[in-house]
$ cat start.pdb   # PDB, C-alpha atoms
MODEL        1
ATOM      1  CA  MET M   1       0.000   0.000   0.000  1.00  0.00           C
ATOM      2  CA  LEU M   2       1.453   3.388  -1.009  1.00  0.00           C
ATOM      3  CA  VAL M   3       0.271   6.591   0.713  1.00  0.00           C
ATOM      4  CA  VAL M   4       1.141   9.804  -1.152  1.00  0.00           C
ATOM      5  CA  ASP M   5       0.631  13.133   0.615  1.00  0.00           C
ATOM      6  CA  ASP M   6       2.876  16.155   1.094  1.00  0.00           C
ATOM      7  CA  GLU M   7       1.446  16.764   4.587  1.00  0.00           C
ATOM      8  CA  PRO M   8       3.468  14.427   6.868  1.00  0.00           C
ATOM      9  CA  THR M   9       0.814  14.382   9.593  1.00  0.00           C
ATOM     10  CA  ILE M  10      -1.927  13.212   7.220  1.00  0.00           C
ATOM     11  CA  ALA M  11       0.341  10.615   5.624  1.00  0.00           C
ATOM     12  CA  GLU M  12       1.365   9.301   9.040  1.00  0.00           C
ATOM     13  CA  VAL M  13      -2.222   9.027  10.309  1.00  0.00           C
ATOM     14  CA  VAL M  14      -3.418   7.285   7.127  1.00  0.00           C
ATOM     15  CA  ALA M  15      -0.496   4.856   7.190  1.00  0.00           C
ATOM     16  CA  ARG M  16      -1.041   4.065  10.873  1.00  0.00           C
ATOM     17  CA  TYR M  17      -4.733   3.262  10.412  1.00  0.00           C
ATOM     18  CA  LEU M  18      -4.030   1.109   7.372  1.00  0.00           C
ATOM     19  CA  GLU M  19      -1.348  -0.798   9.293  1.00  0.00           C
ATOM     20  CA  ARG M  20      -3.797  -1.390  12.144  1.00  0.00           C
ATOM     21  CA  ALA M  21      -6.147  -2.901   9.557  1.00  0.00           C
ATOM     22  CA  GLY M  22      -3.416  -5.327   8.508  1.00  0.00           C
ATOM     23  CA  TYR M  23      -1.923  -3.547   5.488  1.00  0.00           C
ATOM     24  CA  ARG M  24       1.777  -2.912   4.951  1.00  0.00           C
ATOM     25  CA  THR M  25       2.329   0.715   3.952  1.00  0.00           C
ATOM     26  CA  ARG M  26       4.942   3.001   2.472  1.00  0.00           C
ATOM     27  CA  VAL M  27       4.770   6.801   2.378  1.00  0.00           C
ATOM     28  CA  ALA M  28       5.807   9.254  -0.341  1.00  0.00           C
ATOM     29  CA  GLY M  29       5.797  13.039   0.080  1.00  0.00           C
ATOM     30  CA  ASP M  30       5.588  14.129  -3.564  1.00  0.00           C
ATOM     31  CA  GLY M  31       4.778  12.871  -7.035  1.00  0.00           C
ATOM     32  CA  LEU M  32       8.280  11.909  -8.174  1.00  0.00           C
ATOM     33  CA  GLU M  33       8.915  10.017  -4.947  1.00  0.00           C
ATOM     34  CA  ALA M  34       5.604   8.195  -5.437  1.00  0.00           C
ATOM     35  CA  ILE M  35       6.512   7.097  -8.969  1.00  0.00           C
ATOM     36  CA  GLU M  36       9.947   5.882  -7.813  1.00  0.00           C
ATOM     37  CA  ALA M  37       8.412   3.996  -4.879  1.00  0.00           C
ATOM     38  CA  ALA M  38       5.834   2.323  -7.123  1.00  0.00           C
ATOM     39  CA  ALA M  39       8.554   1.367  -9.630  1.00  0.00           C
ATOM     40  CA  ALA M  40      10.696  -0.163  -6.868  1.00  0.00           C
ATOM     41  CA  GLN M  41       7.813  -2.242  -5.519  1.00  0.00           C
ATOM     42  CA  ARG M  42       4.358  -2.346  -7.058  1.00  0.00           C
ATOM     43  CA  PRO M  43       1.725  -1.460  -4.438  1.00  0.00           C
ATOM     44  CA  ASP M  44      -1.650  -3.211  -4.263  1.00  0.00           C
ATOM     45  CA  LEU M  45      -3.290   0.218  -3.998  1.00  0.00           C
ATOM     46  CA  VAL M  46      -2.289   3.904  -3.953  1.00  0.00           C
ATOM     47  CA  VAL M  47      -3.876   6.480  -1.654  1.00  0.00           C
ATOM     48  CA  LEU M  48      -3.057   9.630  -3.618  1.00  0.00           C
ATOM     49  CA  ASP M  49      -3.443  13.300  -2.680  1.00  0.00           C
ATOM     50  CA  LEU M  50      -4.490  15.461  -5.633  1.00  0.00           C
ATOM     51  CA  MET M  51      -2.625  18.596  -4.517  1.00  0.00           C
ATOM     52  CA  LEU M  52       1.055  17.660  -4.591  1.00  0.00           C
ATOM     53  CA  PRO M  53       4.117  19.865  -5.165  1.00  0.00           C
ATOM     54  CA  GLY M  54       5.722  19.431  -8.580  1.00  0.00           C
ATOM     55  CA  LEU M  55       3.698  16.683 -10.224  1.00  0.00           C
ATOM     56  CA  ASP M  56       0.067  16.863  -9.141  1.00  0.00           C
ATOM     57  CA  GLY M  57      -1.960  13.797  -8.265  1.00  0.00           C
ATOM     58  CA  LEU M  58      -3.630  13.520 -11.681  1.00  0.00           C
ATOM     59  CA  GLU M  59      -0.268  13.452 -13.479  1.00  0.00           C
ATOM     60  CA  VAL M  60       1.085  10.922 -10.978  1.00  0.00           C
ATOM     61  CA  MET M  61      -1.917   8.686 -11.631  1.00  0.00           C
ATOM     62  CA  ARG M  62      -1.436   8.987 -15.424  1.00  0.00           C
ATOM     63  CA  ARG M  63       2.224   7.991 -15.169  1.00  0.00           C
ATOM     64  CA  LEU M  64       1.550   5.099 -12.810  1.00  0.00           C
ATOM     65  CA  ARG M  65      -1.106   3.753 -15.158  1.00  0.00           C
ATOM     66  CA  ASP M  66       1.136   4.213 -18.217  1.00  0.00           C
ATOM     67  CA  ARG M  67       3.996   2.282 -16.589  1.00  0.00           C
ATOM     68  CA  GLU M  68       1.970  -0.601 -15.214  1.00  0.00           C
ATOM     69  CA  PRO M  69       0.638  -3.288 -17.564  1.00  0.00           C
ATOM     70  CA  GLU M  70      -1.701  -4.426 -14.777  1.00  0.00           C
ATOM     71  CA  ARG M  71      -4.245  -1.929 -13.487  1.00  0.00           C
ATOM     72  CA  MET M  72      -3.235  -0.284 -10.205  1.00  0.00           C
ATOM     73  CA  PRO M  73      -6.136   0.763  -7.909  1.00  0.00           C
ATOM     74  CA  VAL M  74      -6.105   4.422  -6.817  1.00  0.00           C
ATOM     75  CA  ILE M  75      -8.080   6.287  -4.142  1.00  0.00           C
ATOM     76  CA  LEU M  76      -7.821  10.066  -4.389  1.00  0.00           C
ATOM     77  CA  LEU M  77      -7.594  12.401  -1.402  1.00  0.00           C
ATOM     78  CA  THR M  78      -9.219  15.708  -2.327  1.00  0.00           C
ATOM     79  CA  ALA M  79     -10.209  19.022  -0.771  1.00  0.00           C
ATOM     80  CA  LYS M  80     -13.786  20.287  -0.864  1.00  0.00           C
ATOM     81  CA  GLY M  81     -13.001  22.853  -3.568  1.00  0.00           C
ATOM     82  CA  GLU M  82     -11.424  20.356  -5.980  1.00  0.00           C
ATOM     83  CA  GLU M  83     -14.629  19.001  -7.498  1.00  0.00           C
ATOM     84  CA  SER M  84     -13.542  19.458 -11.131  1.00  0.00           C
ATOM     85  CA  ASP M  85     -10.223  17.672 -10.534  1.00  0.00           C
ATOM     86  CA  ARG M  86     -12.078  14.943  -8.684  1.00  0.00           C
ATOM     87  CA  VAL M  87     -14.373  14.388 -11.663  1.00  0.00           C
ATOM     88  CA  ILE M  88     -11.382  14.291 -14.020  1.00  0.00           C
ATOM     89  CA  GLY M  89      -9.682  11.801 -11.712  1.00  0.00           C
ATOM     90  CA  LEU M  90     -12.678   9.487 -11.760  1.00  0.00           C
ATOM     91  CA  ARG M  91     -12.896   9.754 -15.540  1.00  0.00           C
ATOM     92  CA  LEU M  92      -9.215   8.851 -15.769  1.00  0.00           C
ATOM     93  CA  GLY M  93      -9.906   5.702 -13.823  1.00  0.00           C
ATOM     94  CA  ALA M  94      -9.582   6.502 -10.109  1.00  0.00           C
ATOM     95  CA  ASP M  95     -11.436   3.853  -8.119  1.00  0.00           C
ATOM     96  CA  ASP M  96     -12.761   6.138  -5.387  1.00  0.00           C
ATOM     97  CA  TYR M  97     -12.122   9.418  -3.589  1.00  0.00           C
ATOM     98  CA  VAL M  98     -12.257  10.745  -0.032  1.00  0.00           C
ATOM     99  CA  VAL M  99     -12.773  14.444   0.729  1.00  0.00           C
ATOM    100  CA  LYS M 100     -10.595  16.132   3.367  1.00  0.00           C
ATOM    101  CA  PRO M 101     -11.086  16.340   6.281  1.00  0.00           C
ATOM    102  CA  PHE M 102     -11.973  12.660   6.428  1.00  0.00           C
ATOM    103  CA  SER M 103     -12.375   9.893   8.970  1.00  0.00           C
ATOM    104  CA  PRO M 104      -9.400   7.491   8.827  1.00  0.00           C
ATOM    105  CA  ALA M 105     -11.816   4.632   9.540  1.00  0.00           C
ATOM    106  CA  GLU M 106     -13.866   5.635   6.484  1.00  0.00           C
ATOM    107  CA  LEU M 107     -10.715   5.627   4.350  1.00  0.00           C
ATOM    108  CA  VAL M 108      -9.838   2.119   5.563  1.00  0.00           C
ATOM    109  CA  ALA M 109     -13.366   0.988   4.698  1.00  0.00           C
ATOM    110  CA  ARG M 110     -13.009   2.408   1.184  1.00  0.00           C
ATOM    111  CA  VAL M 111      -9.621   0.732   0.744  1.00  0.00           C
ATOM    112  CA  ASP M 112     -11.197  -2.585   1.748  1.00  0.00           C
ATOM    113  CA  ALA M 113     -14.058  -2.065  -0.704  1.00  0.00           C
ATOM    114  CA  VAL M 114     -11.777  -1.189  -3.627  1.00  0.00           C
ATOM    115  CA  LEU M 115      -9.437  -4.121  -2.992  1.00  0.00           C
ATOM    116  CA  ARG M 116     -12.403  -6.456  -2.744  1.00  0.00           C
ATOM    117  CA  ARG M 117     -13.664  -5.233  -6.124  1.00  0.00           C
ATOM    118  CA  VAL M 118     -10.338  -5.519  -7.945  1.00  0.00           C
ATOM    119  CA  ASP M 119      -9.252  -8.644  -6.036  1.00  0.00           C
ATOM    120  CA  THR M 120      -5.576  -7.713  -5.694  1.00  0.00           C
ATOM    121  CA  SER M 121      -5.060  -9.242  -2.272  1.00  0.00           C
ATOM    122  CA  PRO M 122      -5.519 -13.025  -2.411  1.00  0.00           C
ATOM    123  CA  SER M 123      -3.556 -13.507   0.824  1.00  0.00           C
ATOM    124  CA  ARG M 124      -6.538 -12.044   2.654  1.00  0.00           C
ATOM    125  CA  ASP M 125      -8.440 -15.229   1.757  1.00  0.00           C
ATOM    126  CA  ALA M 126      -6.712 -17.121   4.586  1.00  0.00           C
ATOM    127  CA  PRO M 127      -9.191 -18.380   7.235  1.00  0.00           C
ATOM    128  CA  LEU M 128      -9.690 -16.134  10.264  1.00  0.00           C
ATOM    129  CA  GLU M 129      -9.551 -17.898  13.640  1.00  0.00           C
ATOM    130  CA  LEU M 130     -11.312 -15.635  16.127  1.00  0.00           C
ATOM    131  CA  SER M 131     -11.948 -17.311  19.464  1.00  0.00           C
ATOM    132  CA  ASP M 132     -14.878 -19.696  18.843  1.00  0.00           C
ATOM    133  CA  VAL M 133     -15.592 -18.242  15.371  1.00  0.00           C
ATOM    134  CA  THR M 134     -13.787 -19.404  12.216  1.00  0.00           C
ATOM    135  CA  ILE M 135     -14.357 -17.531   8.960  1.00  0.00           C
ATOM    136  CA  ASP M 136     -13.174 -19.022   5.663  1.00  0.00           C
ATOM    137  CA  PRO M 137     -13.309 -16.246   3.019  1.00  0.00           C
ATOM    138  CA  ALA M 138     -12.377 -18.526   0.108  1.00  0.00           C
ATOM    139  CA  ALA M 139     -15.126 -21.054   0.838  1.00  0.00           C
ATOM    140  CA  ARG M 140     -17.449 -18.381   2.294  1.00  0.00           C
ATOM    141  CA  ARG M 141     -18.209 -20.559   5.308  1.00  0.00           C
ATOM    142  CA  VAL M 142     -18.472 -19.683   9.004  1.00  0.00           C
ATOM    143  CA  PHE M 143     -18.098 -22.075  11.924  1.00  0.00           C
ATOM    144  CA  VAL M 144     -19.098 -21.275  15.487  1.00  0.00           C
ATOM    145  CA  GLY M 145     -17.860 -23.708  18.112  1.00  0.00           C
ATOM    146  CA  GLY M 146     -17.072 -26.186  15.345  1.00  0.00           C
ATOM    147  CA  GLU M 147     -20.570 -26.091  13.828  1.00  0.00           C
ATOM    148  CA  GLU M 148     -21.337 -24.326  10.563  1.00  0.00           C
ATOM    149  CA  ALA M 149     -23.541 -21.234  10.691  1.00  0.00           C
ATOM    150  CA  GLN M 150     -25.802 -20.760   7.673  1.00  0.00           C
ATOM    151  CA  LEU M 151     -25.353 -17.146   6.586  1.00  0.00           C
ATOM    152  CA  THR M 152     -26.730 -15.288   3.606  1.00  0.00           C
ATOM    153  CA  GLN M 153     -24.263 -13.675   1.201  1.00  0.00           C
ATOM    154  CA  ARG M 154     -24.679 -10.220   2.724  1.00  0.00           C
ATOM    155  CA  GLU M 155     -24.566 -11.485   6.302  1.00  0.00           C
ATOM    156  CA  PHE M 156     -21.266 -13.174   5.481  1.00  0.00           C
ATOM    157  CA  ASP M 157     -19.898  -9.966   3.910  1.00  0.00           C
ATOM    158  CA  VAL M 158     -20.819  -7.890   6.970  1.00  0.00           C
ATOM    159  CA  LEU M 159     -19.275 -10.406   9.358  1.00  0.00           C
ATOM    160  CA  LEU M 160     -16.078 -10.744   7.316  1.00  0.00           C
ATOM    161  CA  PHE M 161     -15.612  -6.988   7.048  1.00  0.00           C
ATOM    162  CA  LEU M 162     -16.065  -6.434  10.793  1.00  0.00           C
ATOM    163  CA  ALA M 163     -13.878  -9.422  11.684  1.00  0.00           C
ATOM    164  CA  ARG M 164     -11.042  -8.131   9.514  1.00  0.00           C
ATOM    165  CA  HIS M 165     -11.003  -4.984  11.674  1.00  0.00           C
ATOM    166  CA  PRO M 166     -11.338  -6.350  15.226  1.00  0.00           C
ATOM    167  CA  GLY M 167     -12.114  -3.713  17.829  1.00  0.00           C
ATOM    168  CA  GLN M 168     -12.650  -0.989  15.225  1.00  0.00           C
ATOM    169  CA  VAL M 169     -15.991   0.812  15.264  1.00  0.00           C
ATOM    170  CA  PHE M 170     -17.881   1.441  12.013  1.00  0.00           C
ATOM    171  CA  SER M 171     -21.016   3.516  11.587  1.00  0.00           C
ATOM    172  CA  ARG M 172     -23.954   2.220   9.589  1.00  0.00           C
ATOM    173  CA  ASN M 173     -23.042   4.610   6.769  1.00  0.00           C
ATOM    174  CA  GLN M 174     -19.497   3.260   6.671  1.00  0.00           C
ATOM    175  CA  LEU M 175     -20.769  -0.311   6.588  1.00  0.00           C
ATOM    176  CA  MET M 176     -23.173   0.565   3.772  1.00  0.00           C
ATOM    177  CA  ASP M 177     -20.294   2.014   1.788  1.00  0.00           C
ATOM    178  CA  ALA M 178     -17.837  -0.824   2.488  1.00  0.00           C
ATOM    179  CA  VAL M 179     -20.150  -3.845   2.235  1.00  0.00           C
ATOM    180  CA  TRP M 180     -23.025  -2.715   0.015  1.00  0.00           C
ATOM    181  CA  GLN M 181     -20.711  -0.285  -1.860  1.00  0.00           C
ATOM    182  CA  TYR M 182     -23.323   2.437  -2.057  1.00  0.00           C
ATOM    183  CA  SER M 183     -21.815   5.881  -2.598  1.00  0.00           C
ATOM    184  CA  PHE M 184     -25.019   7.652  -1.596  1.00  0.00           C
ATOM    185  CA  TYR M 185     -26.705   6.355   1.505  1.00  0.00           C
ATOM    186  CA  THR M 186     -30.395   5.608   1.486  1.00  0.00           C
ATOM    187  CA  ASP M 187     -32.010   3.589   4.267  1.00  0.00           C
ATOM    188  CA  THR M 188     -29.243   2.375   6.572  1.00  0.00           C
ATOM    189  CA  SER M 189     -31.731   0.403   8.669  1.00  0.00           C
ATOM    190  CA  THR M 190     -30.797  -2.600   6.502  1.00  0.00           C
ATOM    191  CA  VAL M 191     -27.489  -2.660   8.403  1.00  0.00           C
ATOM    192  CA  THR M 192     -29.380  -2.964  11.693  1.00  0.00           C
ATOM    193  CA  VAL M 193     -31.451  -5.826  10.294  1.00  0.00           C
ATOM    194  CA  HIS M 194     -28.374  -7.728   9.103  1.00  0.00           C
ATOM    195  CA  ILE M 195     -26.596  -7.216  12.422  1.00  0.00           C
ATOM    196  CA  ARG M 196     -29.630  -8.589  14.277  1.00  0.00           C
ATOM    197  CA  ARG M 197     -29.758 -11.655  12.016  1.00  0.00           C
ATOM    198  CA  LEU M 198     -26.024 -12.236  12.358  1.00  0.00           C
ATOM    199  CA  ARG M 199     -26.267 -12.157  16.130  1.00  0.00           C
ATOM    200  CA  SER M 200     -29.048 -14.727  16.062  1.00  0.00           C
ATOM    201  CA  LYS M 201     -26.777 -17.069  14.098  1.00  0.00           C
ATOM    202  CA  ILE M 202     -23.358 -16.671  15.735  1.00  0.00           C
ATOM    203  CA  GLU M 203     -23.991 -15.406  19.278  1.00  0.00           C
ATOM    204  CA  PRO M 204     -24.775 -17.802  22.176  1.00  0.00           C
ATOM    205  CA  ASP M 205     -26.983 -15.043  23.619  1.00  0.00           C
ATOM    206  CA  PRO M 206     -28.040 -12.548  20.912  1.00  0.00           C
ATOM    207  CA  ALA M 207     -29.511 -10.243  23.576  1.00  0.00           C
ATOM    208  CA  GLN M 208     -26.040  -9.890  25.118  1.00  0.00           C
ATOM    209  CA  PRO M 209     -23.704 -10.249  22.124  1.00  0.00           C
ATOM    210  CA  ARG M 210     -20.113 -11.172  22.769  1.00  0.00           C
ATOM    211  CA  HIS M 211     -18.711 -10.658  19.284  1.00  0.00           C
ATOM    212  CA  ILE M 212     -20.829  -8.131  17.373  1.00  0.00           C
ATOM    213  CA  GLN M 213     -21.088  -5.272  19.818  1.00  0.00           C
ATOM    214  CA  THR M 214     -23.034  -2.029  19.593  1.00  0.00           C
ATOM    215  CA  VAL M 215     -21.214   1.198  20.416  1.00  0.00           C
ATOM    216  CA  TRP M 216     -24.143   3.433  21.225  1.00  0.00           C
ATOM    217  CA  GLY M 217     -24.367   6.561  19.112  1.00  0.00           C
ATOM    218  CA  VAL M 218     -21.514   5.402  16.861  1.00  0.00           C
ATOM    219  CA  GLY M 219     -21.992   1.981  15.261  1.00  0.00           C
ATOM    220  CA  TYR M 220     -20.751  -1.601  15.566  1.00  0.00           C
ATOM    221  CA  ARG M 221     -17.509  -3.450  16.178  1.00  0.00           C
ATOM    222  CA  PHE M 222     -16.344  -7.060  16.192  1.00  0.00           C
ATOM    223  CA  GLN M 223     -14.770  -8.298  19.410  1.00  0.00           C
ATOM    224  CA  PRO M 224     -12.883 -11.630  19.061  1.00  0.00           C
TER     225      PRO M 224
ENDMDL
END
$ encode --input "start.pdb" --output "structure tokens"
Amino acid sequence: MLVVDDEPTIAEVVARYLERAGYRTRVAGDGLEAIEAAAAQRPDLVVLDLMLPGLDGLEVMRRLRDREPERMPVILLTAKGEESDRVIGLRLGADDYVVKPFSPAELVARVDAVLRRVDTSPSRDAPLELSDVTIDPAARRVFVGGEEAQLTQREFDVLLFLARHPGQVFSRNQLMDAVWQYSFYTDTSTVTVHIRRLRSKIEPDPAQPRHIQTVWGVGYRFQP
């Protein structure tokens, strides 16, 4: 994972949150450094600030795409006033964008969603052993206490996303964006319904959930 931003504080925060989510990260402070870093070791995804000194983010993205025979996923970091550049970036093939100031947790959720779409991280298909819950992403099967839980496709996606970020809290909007991949939120009550169904299938006592916990006023988290 390559994080490109000329503001060291932002780059450091983004890299730290991505590392907590299990990604290995490198940081570049300008466009030329980003191109050199990508040439030295191809990243699975680039988090790219549009406003860079020297080469701007759009030119960096063009050059990265020209050099790489295989498509490289890109998420743009943009300011509120950069709408026209953001539109150009999406037309040039950016996979997503996040507007500053942003929630680092939201950025991680968007990274997960993009990587899931382009399937550049097969190592993440390894089974997750989480206390009494085992999740097999490749087979899309879940076992609780050694017995298989029968989950729907979306229930499995919600559980897998939360389990890949243990202890991290996600709002319903963030879950809609990461799991359902909706850019514009409609009725987020569907998240509540899926959480309730998941608890009924994997929790010994759904009324007092051990794994899928509610953080009141914020959202949900998975506790191993």
$ atom_distance --input "start.pdb" --atom1 "CA of Ser189 in chain M" --atom2 "CA of Ile135 in chain M"
25.0 Å
$ residues_around --input "start.pdb" --residues "Leu90 in chain M" --least-positions-apart "5" --cutoff "10 Å" --atoms "all atoms listed in the file" --output "PyMOL selection string"
chain M and resi 58+74-76+85+95-97
$ atom_distance --input "start.pdb" --atom1 "CA of Val179 in chain M" --atom2 "CA of Ala113 in chain M"
7.0 Å
$ closest_atom_pairs --input "start.pdb" --of "range 55-120 of chain M" --to "range 5-27 of chain M" --cutoff "9 Å" --atoms "all atoms listed in the file" --output "tab-separated table"
residue	atom	partner	partner_atom	distance
M:Leu77	CA	M:Asp5	CA	8.5
M:Pro104	CA	M:Val14	CA	6.2
M:Ala105	CA	M:Tyr17	CA	7.3
M:Leu107	CA	M:Val14	CA	8.0
M:Val108	CA	M:Leu18	CA	6.2
M:Val111	CA	M:Leu18	CA	8.7
$ resolve_selection --input "start.pdb" --expression "the PyMOL selection byres ((chain M and resi 212-214) around 12)" --output "VMD selection string"
chain M and resid 133 158 to 163 165 to 172 192 194 to 211 215 to 224
$ write_last_selection --input "start.pdb" --atoms "C-alpha atoms" --output "short mmCIF file (atom, residue, chain, number, x, y, z; two decimals), in the coordinates of the input"
data_model
loop_
_atom_site.label_atom_id
_atom_site.label_comp_id
_atom_site.auth_asym_id
_atom_site.auth_seq_id
_atom_site.Cartn_x
_atom_site.Cartn_y
_atom_site.Cartn_z
CA VAL M 133 -15.59 -18.24 15.37
CA VAL M 158 -20.82 -7.89 6.97
CA LEU M 159 -19.27 -10.41 9.36
CA LEU M 160 -16.08 -10.74 7.32
CA PHE M 161 -15.61 -6.99 7.05
CA LEU M 162 -16.07 -6.43 10.79
CA ALA M 163 -13.88 -9.42 11.68
CA HIS M 165 -11.00 -4.98 11.67
CA PRO M 166 -11.34 -6.35 15.23
CA GLY M 167 -12.11 -3.71 17.83
CA GLN M 168 -12.65 -0.99 15.22
CA VAL M 169 -15.99 0.81 15.26
CA PHE M 170 -17.88 1.44 12.01
CA SER M 171 -21.02 3.52 11.59
CA ARG M 172 -23.95 2.22 9.59
CA THR M 192 -29.38 -2.96 11.69
CA HIS M 194 -28.37 -7.73 9.10
CA ILE M 195 -26.60 -7.22 12.42
CA ARG M 196 -29.63 -8.59 14.28
CA ARG M 197 -29.76 -11.66 12.02
CA LEU M 198 -26.02 -12.24 12.36
CA ARG M 199 -26.27 -12.16 16.13
CA SER M 200 -29.05 -14.73 16.06
CA LYS M 201 -26.78 -17.07 14.10
CA ILE M 202 -23.36 -16.67 15.74
CA GLU M 203 -23.99 -15.41 19.28
CA PRO M 204 -24.78 -17.80 22.18
CA ASP M 205 -26.98 -15.04 23.62
CA PRO M 206 -28.04 -12.55 20.91
CA ALA M 207 -29.51 -10.24 23.58
CA GLN M 208 -26.04 -9.89 25.12
CA PRO M 209 -23.70 -10.25 22.12
CA ARG M 210 -20.11 -11.17 22.77
CA HIS M 211 -18.71 -10.66 19.28
CA VAL M 215 -21.21 1.20 20.42
CA TRP M 216 -24.14 3.43 21.22
CA GLY M 217 -24.37 6.56 19.11
CA VAL M 218 -21.51 5.40 16.86
CA GLY M 219 -21.99 1.98 15.26
CA TYR M 220 -20.75 -1.60 15.57
CA ARG M 221 -17.51 -3.45 16.18
CA PHE M 222 -16.34 -7.06 16.19
CA GLN M 223 -14.77 -8.30 19.41
CA PRO M 224 -12.88 -11.63 19.06
#
